[in-house]
Amino acid sequence: MTDPTTDDLECREVVEVVTDYLEGAMAPGDRLRFDDHLALCEDCQAYLEQMRTVIRVAGRPVADAVPPETMAGLLRAFRDWRR
Ligand SMILES: [Zn+2]
């Protein structure tokens with residue numbers, strides 16, 4: 001895990017804001033931190049790619065395309081990667 005005393009984005013925050021990122025709804029400052037984290041974190045790159053695939057297949061914004069239970073499953077899988 002990242003050091004909580006820095007203001008670097010953590011992986012769990014990436015998961016929380018990924019839909020905003022993909023929909024372009026993120027504040028510029030947050031987006032910068034997101035991109036910074038992504039550049040260094042292969043897990044989050046893989047996660048983002050996974051979400052992009054979901055959107056491409058569904059043809060809809062991710063918030064509509066991914067049912068809550070599916071999202072919960074993705075988040076669980078994502079947490080498992082970090083162990
Ligand atoms: Zn990460």
# chains A, B, ... in the order shown; residues from 1 in each chain; ligands from 1

$ residues_near_ligand --ligand "ligand 1" --cutoff "7 Å" --atoms "only C-alpha atoms and all ligand atoms" --output "list of chain:residue names"
A:Glu10, A:Cys11, A:Val14, A:His37, A:Leu38, A:Cys41, A:Glu42, A:Asp43, A:Cys44

$ write_last_selection --atoms "C-alpha atoms" --output "JSON list (two decimals), in the first residue's frame"
[["chain", "number", "residue", "atom", "x", "y", "z"],
["A", 10, "GLU", "CA", -4.23, 4.97, -3.52],
["A", 11, "CYS", "CA", -5.46, 2.00, -5.53],
["A", 14, "VAL", "CA", -8.67, 4.73, -8.21],
["A", 37, "HIS", "CA", -0.83, 6.88, -10.04],
["A", 38, "LEU", "CA", -1.71, 5.03, -13.20],
["A", 41, "CYS", "CA", 0.74, 1.14, -10.96],
["A", 42, "GLU", "CA", 0.31, -1.83, -13.26],
["A", 43, "ASP", "CA", -2.63, -3.17, -11.28],
["A", 44, "CYS", "CA", -4.59, 0.00, -11.86]]

$ atom_distance --atom1 "CA of Val54 (chain A)" --atom2 "CA of Met26 (chain A)"
19.4 Å

$ atom_distance --atom1 "CA of Arg33 (chain A)" --atom2 "CA of Leu9 (chain A)"
6.2 Å

$ closest_residue --among "A:Glu13, A:Asp8, A:Met71, A:Arg76" --to "Met51 (chain A)" --atoms "only C-alpha atoms"
A:Met71

$ atom_distance --atom1 "CA of Pro68 (chain A)" --atom2 "CA of Leu40 (chain A)"
28.1 Å
